[in-house]
>>> print(open('start_39.txt').read())   # compact mmCIF, N, CA and C atoms and all ligand atoms
# COMPACT_ATOMS: atom_id res chain seq x y z
N VAL Z 1 104.09 24.31 124.15
CA VAL Z 1 105.33 24.23 123.36
C VAL Z 1 105.39 25.40 122.38
N ASP Z 2 106.62 25.76 122.07
CA ASP Z 2 106.86 26.89 121.18
C ASP Z 2 106.92 26.38 119.74
N VAL Z 3 105.75 26.37 119.11
CA VAL Z 3 105.67 25.84 117.75
C VAL Z 3 104.97 26.86 116.87
N THR Z 4 105.49 27.04 115.66
CA THR Z 4 104.87 27.96 114.71
C THR Z 4 104.16 27.15 113.63
N LEU Z 5 102.85 27.40 113.52
CA LEU Z 5 102.06 26.70 112.50
C LEU Z 5 101.80 27.63 111.35
N THR Z 6 102.01 27.15 110.13
CA THR Z 6 101.88 28.01 108.95
C THR Z 6 101.09 27.30 107.86
N TRP Z 7 100.03 27.98 107.38
CA TRP Z 7 99.28 27.48 106.22
C TRP Z 7 100.14 27.69 104.99
N ARG Z 8 100.33 26.63 104.20
CA ARG Z 8 101.17 26.67 103.00
C ARG Z 8 102.60 27.10 103.32
N GLY Z 9 103.08 26.70 104.50
CA GLY Z 9 104.44 27.03 104.91
C GLY Z 9 105.48 26.32 104.04
N ALA Z 10 106.65 26.95 103.95
CA ALA Z 10 107.74 26.37 103.14
C ALA Z 10 108.27 25.10 103.81
N PHE Z 11 108.66 24.13 102.99
CA PHE Z 11 109.35 22.93 103.49
C PHE Z 11 110.13 22.34 102.34
N THR Z 12 111.07 21.45 102.64
CA THR Z 12 111.79 20.74 101.57
C THR Z 12 111.28 19.31 101.48
N ASN Z 13 111.40 18.72 100.30
CA ASN Z 13 111.02 17.31 100.15
C ASN Z 13 111.81 16.44 101.12
N ALA Z 14 113.10 16.75 101.31
CA ALA Z 14 113.93 15.91 102.17
C ALA Z 14 113.39 15.90 103.60
N GLU Z 15 113.03 17.06 104.15
CA GLU Z 15 112.58 17.06 105.55
C GLU Z 15 111.21 16.41 105.68
N LEU Z 16 110.33 16.56 104.70
CA LEU Z 16 109.02 15.92 104.81
C LEU Z 16 109.14 14.41 104.61
N ASN Z 17 110.04 13.97 103.74
CA ASN Z 17 110.23 12.52 103.58
C ASN Z 17 110.72 11.88 104.87
N VAL Z 18 111.58 12.57 105.61
CA VAL Z 18 112.06 12.05 106.89
C VAL Z 18 110.91 11.99 107.90
N LEU Z 19 110.13 13.06 108.00
CA LEU Z 19 109.00 13.11 108.95
C LEU Z 19 107.97 12.01 108.62
N HIS Z 20 107.70 11.85 107.34
CA HIS Z 20 106.72 10.86 106.89
C HIS Z 20 107.17 9.44 107.23
N ALA Z 21 108.44 9.16 106.97
CA ALA Z 21 108.97 7.82 107.25
C ALA Z 21 108.91 7.53 108.74
N GLU Z 22 109.23 8.52 109.54
CA GLU Z 22 109.17 8.36 111.00
C GLU Z 22 107.73 8.09 111.44
N GLY Z 23 106.79 8.88 110.92
CA GLY Z 23 105.40 8.77 111.35
C GLY Z 23 104.74 7.47 110.92
N PHE Z 24 105.06 6.99 109.75
CA PHE Z 24 104.40 5.80 109.24
C PHE Z 24 105.28 4.56 109.29
N GLY Z 25 106.46 4.70 109.91
CA GLY Z 25 107.32 3.54 110.12
C GLY Z 25 107.79 2.90 108.83
N SER Z 26 108.08 3.71 107.83
CA SER Z 26 108.54 3.17 106.56
C SER Z 26 109.95 3.68 106.28
N ARG Z 27 110.53 3.21 105.20
CA ARG Z 27 111.86 3.72 104.82
C ARG Z 27 111.71 5.16 104.31
N VAL Z 28 112.81 5.90 104.32
CA VAL Z 28 112.77 7.28 103.83
C VAL Z 28 112.74 7.24 102.31
N ARG Z 29 111.65 7.75 101.75
CA ARG Z 29 111.49 7.74 100.30
C ARG Z 29 111.97 9.05 99.69
N ASP Z 30 111.85 9.14 98.38
CA ASP Z 30 112.33 10.32 97.67
C ASP Z 30 111.14 10.97 96.95
N ASP Z 31 110.00 11.08 97.66
CA ASP Z 31 108.79 11.58 97.02
C ASP Z 31 108.84 13.09 96.80
N ASP Z 32 108.20 13.54 95.73
CA ASP Z 32 108.16 14.96 95.41
C ASP Z 32 106.92 15.59 96.07
N TRP Z 33 107.01 15.78 97.38
CA TRP Z 33 105.88 16.34 98.12
C TRP Z 33 105.52 17.75 97.66
N LEU Z 34 106.55 18.54 97.38
CA LEU Z 34 106.26 19.92 96.94
C LEU Z 34 105.46 19.92 95.65
N GLY Z 35 105.86 19.08 94.71
CA GLY Z 35 105.13 18.99 93.45
C GLY Z 35 103.70 18.52 93.69
N GLN Z 36 103.55 17.53 94.57
CA GLN Z 36 102.21 17.01 94.86
C GLN Z 36 101.31 18.07 95.47
N VAL Z 37 101.78 18.70 96.55
CA VAL Z 37 100.86 19.62 97.25
C VAL Z 37 100.65 20.92 96.48
N GLU Z 38 101.70 21.40 95.83
CA GLU Z 38 101.52 22.65 95.07
C GLU Z 38 100.62 22.41 93.86
N GLY Z 39 100.69 21.21 93.28
CA GLY Z 39 99.90 20.93 92.10
C GLY Z 39 98.48 20.48 92.38
N HIS Z 40 98.24 19.92 93.57
CA HIS Z 40 96.96 19.23 93.77
C HIS Z 40 96.19 19.59 95.03
N SER Z 41 96.85 20.15 96.03
CA SER Z 41 96.17 20.34 97.31
C SER Z 41 95.51 21.71 97.42
N LEU Z 42 94.50 21.79 98.25
CA LEU Z 42 93.98 23.10 98.65
C LEU Z 42 95.07 23.84 99.42
N GLY Z 43 95.77 23.11 100.23
CA GLY Z 43 96.88 23.68 101.00
C GLY Z 43 97.46 22.63 101.92
N TRP Z 44 98.29 23.07 102.82
CA TRP Z 44 98.92 22.19 103.79
C TRP Z 44 99.33 23.04 104.97
N VAL Z 45 99.64 22.38 106.07
CA VAL Z 45 100.04 23.09 107.28
C VAL Z 45 101.40 22.55 107.72
N THR Z 46 102.32 23.44 108.02
CA THR Z 46 103.60 23.02 108.60
C THR Z 46 103.65 23.47 110.05
N ALA Z 47 104.36 22.71 110.87
CA ALA Z 47 104.65 23.11 112.25
C ALA Z 47 106.15 23.05 112.43
N ARG Z 48 106.71 24.15 112.91
CA ARG Z 48 108.17 24.21 113.16
C ARG Z 48 108.43 24.58 114.61
N ASP Z 49 109.44 23.93 115.19
CA ASP Z 49 109.77 24.24 116.58
C ASP Z 49 110.64 25.50 116.65
N ALA Z 50 111.04 25.87 117.87
CA ALA Z 50 111.77 27.13 118.06
C ALA Z 50 113.08 27.13 117.28
N GLY Z 51 113.65 25.95 117.05
CA GLY Z 51 114.89 25.86 116.29
C GLY Z 51 114.68 25.79 114.79
N GLY Z 52 113.41 25.86 114.36
CA GLY Z 52 113.13 25.84 112.93
C GLY Z 52 112.94 24.46 112.33
N GLU Z 53 113.03 23.42 113.19
CA GLU Z 53 112.87 22.05 112.68
C GLU Z 53 111.41 21.76 112.36
N LEU Z 54 111.18 21.04 111.27
CA LEU Z 54 109.82 20.62 110.90
C LEU Z 54 109.38 19.52 111.87
N VAL Z 55 108.37 19.81 112.68
CA VAL Z 55 107.88 18.81 113.66
C VAL Z 55 106.44 18.39 113.39
N GLY Z 56 105.82 18.99 112.37
CA GLY Z 56 104.45 18.58 112.07
C GLY Z 56 104.04 18.99 110.68
N PHE Z 57 103.04 18.24 110.15
CA PHE Z 57 102.58 18.50 108.78
C PHE Z 57 101.18 17.94 108.62
N ALA Z 58 100.36 18.60 107.82
CA ALA Z 58 99.09 18.01 107.39
C ALA Z 58 98.81 18.51 105.98
N ASN Z 59 98.25 17.63 105.17
CA ASN Z 59 97.97 17.91 103.76
C ASN Z 59 96.46 17.99 103.57
N VAL Z 60 95.98 19.05 102.94
CA VAL Z 60 94.54 19.21 102.73
C VAL Z 60 94.23 19.06 101.24
N ALA Z 61 93.78 17.87 100.87
CA ALA Z 61 93.38 17.58 99.50
C ALA Z 61 92.01 18.19 99.24
N TRP Z 62 91.62 18.27 97.98
CA TRP Z 62 90.44 19.06 97.63
C TRP Z 62 89.81 18.55 96.34
N ASP Z 63 88.50 18.60 96.26
CA ASP Z 63 87.81 18.18 95.02
C ASP Z 63 87.56 19.36 94.09
N GLY Z 64 88.02 20.55 94.45
CA GLY Z 64 87.77 21.73 93.63
C GLY Z 64 86.45 22.41 93.95
N GLY Z 65 85.67 21.77 94.83
CA GLY Z 65 84.37 22.32 95.20
C GLY Z 65 84.26 22.49 96.71
N VAL Z 66 83.33 21.77 97.31
CA VAL Z 66 83.05 22.01 98.73
C VAL Z 66 83.62 20.93 99.65
N HIS Z 67 84.34 19.95 99.08
CA HIS Z 67 84.89 18.87 99.91
C HIS Z 67 86.40 18.96 100.02
N ALA Z 68 86.89 18.96 101.23
CA ALA Z 68 88.33 18.86 101.47
C ALA Z 68 88.58 17.59 102.27
N PHE Z 69 89.78 17.08 102.21
CA PHE Z 69 90.10 15.79 102.82
C PHE Z 69 91.48 15.89 103.44
N ILE Z 70 91.55 15.65 104.73
CA ILE Z 70 92.86 15.79 105.39
C ILE Z 70 93.62 14.47 105.35
N LEU Z 71 94.88 14.57 104.93
CA LEU Z 71 95.74 13.40 104.73
C LEU Z 71 97.09 13.68 105.39
N ASP Z 72 97.80 12.59 105.69
CA ASP Z 72 99.21 12.71 106.10
C ASP Z 72 99.40 13.61 107.33
N THR Z 73 98.45 13.58 108.25
CA THR Z 73 98.65 14.33 109.50
C THR Z 73 99.80 13.67 110.26
N LEU Z 74 100.78 14.46 110.61
CA LEU Z 74 102.02 13.92 111.18
C LEU Z 74 102.57 14.83 112.26
N THR Z 75 102.97 14.25 113.36
CA THR Z 75 103.77 14.98 114.35
C THR Z 75 105.03 14.16 114.61
N ALA Z 76 106.18 14.79 114.61
CA ALA Z 76 107.43 14.07 114.90
C ALA Z 76 107.32 13.36 116.24
N ALA Z 77 107.90 12.19 116.34
CA ALA Z 77 107.77 11.37 117.55
C ALA Z 77 108.14 12.17 118.80
N ARG Z 78 109.21 12.94 118.72
CA ARG Z 78 109.69 13.66 119.90
C ARG Z 78 108.75 14.80 120.32
N ALA Z 79 107.80 15.15 119.44
CA ALA Z 79 106.92 16.30 119.72
C ALA Z 79 105.46 15.88 119.90
N GLN Z 80 105.21 14.57 119.95
CA GLN Z 80 103.82 14.12 120.06
C GLN Z 80 103.25 14.34 121.46
N ARG Z 81 101.92 14.32 121.52
CA ARG Z 81 101.14 14.47 122.75
C ARG Z 81 101.38 15.82 123.43
N GLN Z 82 101.60 16.83 122.60
CA GLN Z 82 101.74 18.19 123.13
C GLN Z 82 100.75 19.13 122.42
N GLY Z 83 99.79 18.54 121.73
CA GLY Z 83 98.75 19.35 121.10
C GLY Z 83 99.05 19.81 119.68
N ILE Z 84 100.19 19.43 119.13
CA ILE Z 84 100.55 19.91 117.79
C ILE Z 84 99.61 19.32 116.73
N GLY Z 85 99.32 18.04 116.82
CA GLY Z 85 98.43 17.41 115.84
C GLY Z 85 97.06 18.08 115.83
N THR Z 86 96.53 18.37 117.01
CA THR Z 86 95.24 19.03 117.11
C THR Z 86 95.29 20.42 116.47
N GLN Z 87 96.39 21.13 116.68
CA GLN Z 87 96.53 22.47 116.08
C GLN Z 87 96.66 22.39 114.56
N LEU Z 88 97.37 21.38 114.06
CA LEU Z 88 97.49 21.20 112.61
C LEU Z 88 96.10 21.05 112.00
N VAL Z 89 95.28 20.22 112.63
CA VAL Z 89 93.93 19.96 112.10
C VAL Z 89 93.05 21.21 112.25
N ARG Z 90 93.25 21.95 113.33
CA ARG Z 90 92.46 23.17 113.53
C ARG Z 90 92.73 24.19 112.41
N ILE Z 91 94.01 24.39 112.10
CA ILE Z 91 94.35 25.34 111.02
C ILE Z 91 93.78 24.83 109.69
N ALA Z 92 93.93 23.53 109.45
CA ALA Z 92 93.40 22.96 108.20
C ALA Z 92 91.89 23.19 108.11
N THR Z 93 91.20 23.01 109.22
CA THR Z 93 89.74 23.20 109.26
C THR Z 93 89.39 24.66 108.96
N GLU Z 94 90.08 25.58 109.61
CA GLU Z 94 89.78 27.00 109.42
C GLU Z 94 90.04 27.42 107.97
N ARG Z 95 91.15 26.98 107.42
CA ARG Z 95 91.50 27.41 106.06
C ARG Z 95 90.59 26.78 105.02
N ALA Z 96 90.18 25.53 105.25
CA ALA Z 96 89.25 24.90 104.31
C ALA Z 96 87.90 25.64 104.36
N ARG Z 97 87.50 26.03 105.55
CA ARG Z 97 86.25 26.81 105.67
C ARG Z 97 86.39 28.15 104.95
N ASP Z 98 87.52 28.83 105.19
CA ASP Z 98 87.77 30.12 104.53
C ASP Z 98 87.74 29.99 103.00
N ALA Z 99 88.17 28.84 102.50
CA ALA Z 99 88.23 28.62 101.04
C ALA Z 99 86.87 28.27 100.46
N GLY Z 100 85.84 28.18 101.33
CA GLY Z 100 84.50 27.91 100.84
C GLY Z 100 84.10 26.44 100.91
N CYS Z 101 84.96 25.62 101.48
CA CYS Z 101 84.60 24.20 101.63
C CYS Z 101 83.51 24.05 102.68
N GLU Z 102 82.67 23.04 102.49
CA GLU Z 102 81.57 22.79 103.43
C GLU Z 102 81.80 21.53 104.25
N TRP Z 103 82.71 20.67 103.80
CA TRP Z 103 82.97 19.42 104.51
C TRP Z 103 84.46 19.16 104.55
N LEU Z 104 84.94 18.71 105.71
CA LEU Z 104 86.32 18.23 105.83
C LEU Z 104 86.25 16.76 106.23
N HIS Z 105 86.81 15.91 105.40
CA HIS Z 105 86.77 14.46 105.61
C HIS Z 105 88.11 13.96 106.15
N VAL Z 106 88.06 12.83 106.81
CA VAL Z 106 89.29 12.16 107.20
C VAL Z 106 88.99 10.68 107.33
N ASP Z 107 89.95 9.81 107.13
CA ASP Z 107 89.80 8.44 107.61
C ASP Z 107 91.07 8.08 108.37
N PHE Z 108 90.93 7.08 109.22
CA PHE Z 108 92.03 6.80 110.15
C PHE Z 108 91.85 5.42 110.75
N GLU Z 109 92.94 4.93 111.35
CA GLU Z 109 92.89 3.63 112.00
C GLU Z 109 92.25 3.77 113.38
N PRO Z 110 91.67 2.65 113.88
CA PRO Z 110 90.90 2.72 115.12
C PRO Z 110 91.64 3.35 116.30
N HIS Z 111 92.95 3.16 116.39
CA HIS Z 111 93.66 3.67 117.57
C HIS Z 111 93.71 5.21 117.59
N LEU Z 112 93.36 5.85 116.47
CA LEU Z 112 93.37 7.31 116.46
C LEU Z 112 91.97 7.92 116.63
N THR Z 113 91.01 7.11 117.04
CA THR Z 113 89.64 7.59 117.24
C THR Z 113 89.60 8.74 118.24
N ARG Z 114 90.32 8.60 119.33
CA ARG Z 114 90.30 9.65 120.36
C ARG Z 114 90.91 10.95 119.83
N PHE Z 115 91.93 10.82 118.99
CA PHE Z 115 92.56 12.01 118.40
C PHE Z 115 91.56 12.73 117.48
N TYR Z 116 91.02 12.02 116.49
CA TYR Z 116 90.18 12.70 115.48
C TYR Z 116 88.79 13.05 116.02
N LEU Z 117 88.13 12.09 116.68
CA LEU Z 117 86.76 12.36 117.13
C LEU Z 117 86.74 13.12 118.45
N GLY Z 118 87.72 12.88 119.30
CA GLY Z 118 87.77 13.57 120.58
C GLY Z 118 88.42 14.93 120.46
N SER Z 119 89.72 14.93 120.17
CA SER Z 119 90.48 16.19 120.18
C SER Z 119 90.15 17.11 119.01
N CYS Z 120 90.02 16.54 117.82
CA CYS Z 120 89.89 17.40 116.61
C CYS Z 120 88.45 17.74 116.27
N GLY Z 121 87.48 17.05 116.85
CA GLY Z 121 86.09 17.43 116.68
C GLY Z 121 85.38 16.85 115.46
N PHE Z 122 85.95 15.84 114.83
CA PHE Z 122 85.25 15.20 113.71
C PHE Z 122 84.06 14.41 114.23
N GLY Z 123 83.00 14.38 113.44
CA GLY Z 123 81.90 13.47 113.70
C GLY Z 123 82.21 12.14 113.05
N SER Z 124 81.57 11.08 113.55
CA SER Z 124 81.79 9.75 113.00
C SER Z 124 80.74 9.44 111.94
N THR Z 125 81.15 8.85 110.83
CA THR Z 125 80.22 8.48 109.78
C THR Z 125 80.72 7.19 109.14
N PRO Z 126 79.84 6.34 108.62
CA PRO Z 126 80.36 5.19 107.88
C PRO Z 126 81.16 5.69 106.67
N ALA Z 127 82.21 5.00 106.32
CA ALA Z 127 83.02 5.37 105.16
C ALA Z 127 83.56 4.09 104.57
N GLY Z 128 84.10 4.16 103.39
CA GLY Z 128 84.64 2.96 102.76
C GLY Z 128 85.91 3.28 102.02
N VAL Z 129 86.68 2.24 101.74
CA VAL Z 129 87.92 2.42 101.01
C VAL Z 129 88.21 1.13 100.25
N ILE Z 130 88.79 1.23 99.09
CA ILE Z 130 89.20 0.07 98.31
C ILE Z 130 90.71 0.18 98.08
N ALA Z 131 91.44 -0.85 98.40
CA ALA Z 131 92.87 -0.87 98.07
C ALA Z 131 93.02 -1.17 96.59
N LEU Z 132 93.62 -0.27 95.85
CA LEU Z 132 93.70 -0.43 94.40
C LEU Z 132 94.99 -1.13 93.95
N THR Z 133 95.84 -1.42 94.92
CA THR Z 133 97.03 -2.22 94.61
C THR Z 133 97.02 -3.44 95.52
N ASP Z 134 97.82 -4.44 95.21
CA ASP Z 134 97.81 -5.69 96.00
C ASP Z 134 98.46 -5.47 97.35
C1 LIG Z 201 98.19 11.15 114.96
C2 LIG Z 201 99.23 12.20 115.33
C3 LIG Z 201 99.38 13.19 114.18
C4 LIG Z 201 98.77 12.92 116.60
O1 LIG Z 201 99.65 14.00 116.82
P1 LIG Z 201 99.92 14.65 118.27
O2 LIG Z 201 100.63 15.92 118.03
O3 LIG Z 201 100.57 13.67 119.15
O4 LIG Z 201 98.42 14.89 118.77
P2 LIG Z 201 97.91 15.76 120.02
O5 LIG Z 201 99.00 16.01 120.99
O6 LIG Z 201 97.19 16.95 119.49
O7 LIG Z 201 96.86 14.73 120.65
C5 LIG Z 201 95.67 15.19 121.25
C6 LIG Z 201 94.91 14.02 121.85
O8 LIG Z 201 94.61 13.04 120.84
C7 LIG Z 201 94.72 11.72 121.40
N1 LIG Z 201 95.85 11.02 120.77
C8 LIG Z 201 96.87 11.55 120.07
N2 LIG Z 201 97.70 10.60 119.60
C9 LIG Z 201 97.19 9.43 120.03
C10 LIG Z 201 97.61 8.07 119.88
N3 LIG Z 201 98.70 7.72 119.20
N4 LIG Z 201 96.85 7.12 120.46
C11 LIG Z 201 95.74 7.42 121.16
N5 LIG Z 201 95.30 8.70 121.34
C12 LIG Z 201 96.02 9.69 120.78
C13 LIG Z 201 94.96 11.91 122.88
O9 LIG Z 201 93.70 11.98 123.50
C14 LIG Z 201 95.66 13.25 122.92
O10 LIG Z 201 95.49 13.93 124.14
P3 LIG Z 201 96.46 13.57 125.39
O11 LIG Z 201 97.87 13.64 124.89
O12 LIG Z 201 96.12 14.64 126.39
O13 LIG Z 201 96.09 12.19 125.82
C15 LIG Z 201 100.60 11.53 115.64
O14 LIG Z 201 100.40 10.50 116.59
C16 LIG Z 201 101.31 10.94 114.44
O15 LIG Z 201 102.02 11.63 113.73
N6 LIG Z 201 101.15 9.61 114.21
C17 LIG Z 201 101.85 8.90 113.15
C18 LIG Z 201 101.30 9.21 111.79
C19 LIG Z 201 99.81 8.91 111.66
O16 LIG Z 201 99.35 7.80 111.91
N7 LIG Z 201 99.05 9.92 111.23
C20 LIG Z 201 97.62 9.83 111.05
C21 LIG Z 201 97.27 9.56 109.64
S1 LIG Z 201 95.51 9.29 109.47
>>> encode(input="start_39.txt", output="structure tokens")
Amino acid sequence: VDVTLTWRGAFTNAELNVLHAEGFGSRVRDDDWLGQVEGHSLGWVTARDAGGELVGFANVAWDGGVHAFILDTLTAARAQRQGIGTQLVRIATERARDAGCEWLHVDFEPHLTRFYLGSCGFGSTPAGVIALTD
């Protein structure tokens, strides 16, 4: 597929809110993604199709040291299973390495095991999470 992947690529809050809602099956919110990623992330990756539409996104959070954490990996429904998600993670991995990070973390639901451990090359490790809201 003809997709352009860009580290720290431009996007609008409106288009990412639509992609996010589609990917996670929620209502379209009014989140300030630009403020979040510009203020807090090591970087992010955008994927745009030949027509310039945003069809993929990944957010690379960072502890300021050697740990990066990939969040919000998303491919638009119409563009899934064409390798875009794998490419998003590949760029995130390369750029985190270039920035001096030594570890890239992710967590995910069981149905995405083949995507992260198979396609993207993550190793499996025990991990934990606490829901801080009800
Ligand atoms: C997870 C996601 C980003 C994958 O994006 P994608 O562009 O479809 O991924 P790829 O085309 O690179 O997939 C590569 C391989 O991963 C596996 N894979 C991808 N999506 C999968 C799914 N939903 N279920 C099972 N395996 C999957 C397959 O082995 C696939 O290869 P194949 O198509 O030859 O079978 C996409 O499904 C998505 O946006 N999901 C909704 C949001 C979400 O849950 N994000 C993850 C947050 S942790």
>>> closest_residue(input="start_39.txt", among="Z:Glu22, Z:Asp134, Z:Asp2, Z:Glu38", to="Ala76 (chain Z)", atoms="all atoms listed in the file")
Z:Glu22
>>> closest_atom_pairs(input="start_39.txt", of="chain Z", to="ligand LIG 201 (chain Z)", cutoff="10 Å", atoms="only C-alpha atoms and all ligand atoms", output="CSV")
residue,atom,partner,partner_atom,distance
Z:Leu19,CA,Z:LIG201,O15,8.6
Z:His20,CA,Z:LIG201,C18,7.5
Z:Ala21,CA,Z:LIG201,C18,9.0
Z:Glu22,CA,Z:LIG201,C17,7.6
Z:Gly23,CA,Z:LIG201,C17,4.0
Z:Phe24,CA,Z:LIG201,C18,5.3
Z:Gly25,CA,Z:LIG201,C17,8.2
Z:Val55,CA,Z:LIG201,O2,8.9
Z:Gly56,CA,Z:LIG201,O15,7.5
Z:Phe57,CA,Z:LIG201,C3,8.2
Z:Ala58,CA,Z:LIG201,C3,8.3
Z:Ile70,CA,Z:LIG201,S1,8.1
Z:Leu71,CA,Z:LIG201,S1,6.3
Z:Asp72,CA,Z:LIG201,C21,5.1
Z:Thr73,CA,Z:LIG201,N7,4.8
Z:Leu74,CA,Z:LIG201,O15,3.4
Z:Thr75,CA,Z:LIG201,O15,3.8
Z:Ala76,CA,Z:LIG201,O15,6.0
Z:Ala77,CA,Z:LIG201,O15,6.9
Z:Arg78,CA,Z:LIG201,O3,9.2
Z:Ala79,CA,Z:LIG201,O2,6.5
Z:Gln80,CA,Z:LIG201,O3,3.4
Z:Arg81,CA,Z:LIG201,O5,3.2
Z:Gln82,CA,Z:LIG201,O5,4.1
Z:Gly83,CA,Z:LIG201,O6,3.3
Z:Ile84,CA,Z:LIG201,O2,4.0
Z:Gly85,CA,Z:LIG201,O2,3.4
Z:Thr86,CA,Z:LIG201,O6,3.7
Z:Gln87,CA,Z:LIG201,O6,6.5
Z:Leu88,CA,Z:LIG201,O6,8.1
Z:Val89,CA,Z:LIG201,O6,8.6
Z:Arg90,CA,Z:LIG201,O6,9.8
Z:Val106,CA,Z:LIG201,S1,7.2
Z:Asp107,CA,Z:LIG201,S1,6.1
Z:Phe108,CA,Z:LIG201,S1,4.3
Z:Glu109,CA,Z:LIG201,S1,6.7
Z:Pro110,CA,Z:LIG201,C11,9.1
Z:His111,CA,Z:LIG201,N4,5.5
Z:Leu112,CA,Z:LIG201,C11,5.3
Z:Thr113,CA,Z:LIG201,N5,7.1
Z:Arg114,CA,Z:LIG201,C7,5.0
Z:Phe115,CA,Z:LIG201,O8,3.3
Z:Tyr116,CA,Z:LIG201,O8,7.0
Z:Leu117,CA,Z:LIG201,O8,8.7
Z:Gly118,CA,Z:LIG201,O9,6.8
Z:Ser119,CA,Z:LIG201,C6,5.2
Z:Cys120,CA,Z:LIG201,O8,7.7
>>> residues_around(input="start_39.txt", residues="Phe69 (chain Z)", least_positions_apart="6", cutoff="6.5 Å", atoms="all atoms listed in the file", output="number ranges by chain")
Z: 59-63, 103-106
>>> atom_distance(input="start_39.txt", atom1="CA of Leu132 (chain Z)", atom2="atom C of Arg27 (chain Z)")
21.3 Å
>>> residues_near_point(input="start_39.txt", point="(114.7, 19.6, 101.0)", cutoff="12 Å", atoms="only C-alpha atoms", output="MDAnalysis selection string")
chainID Z and resid 10:19 30:34 54
>>> closest_residue(input="start_39.txt", among="Z:Gly121, Z:Gly52, Z:Gly43, Z:Gly128", to="Ala96 (chain Z)", atoms="only C-alpha atoms")
Z:Gly43
>>> atom_distance(input="start_39.txt", atom1="atom N of Gly9 (chain Z)", atom2="atom N of Ala68 (chain Z)")
18.2 Å
>>> atom_distance(input="start_39.txt", atom1="atom C of Glu102 (chain Z)", atom2="CA of His40 (chain Z)")
18.6 Å
>>> closest_residue(input="start_39.txt", among="Z:Ser41, Z:Arg29, Z:Leu5, Z:Val66", to="Ala99 (chain Z)", atoms="only C-alpha atoms")
Z:Val66
>>> axis_aligned_box(input="start_39.txt", around="region 13-17 of chain Z", padding_each_side="8 Å", output="JSON")
{"center_x": 111.5, "center_y": 15.3, "center_z": 102.9, "size_x": 20.9, "size_y": 22.8, "size_z": 21.5}
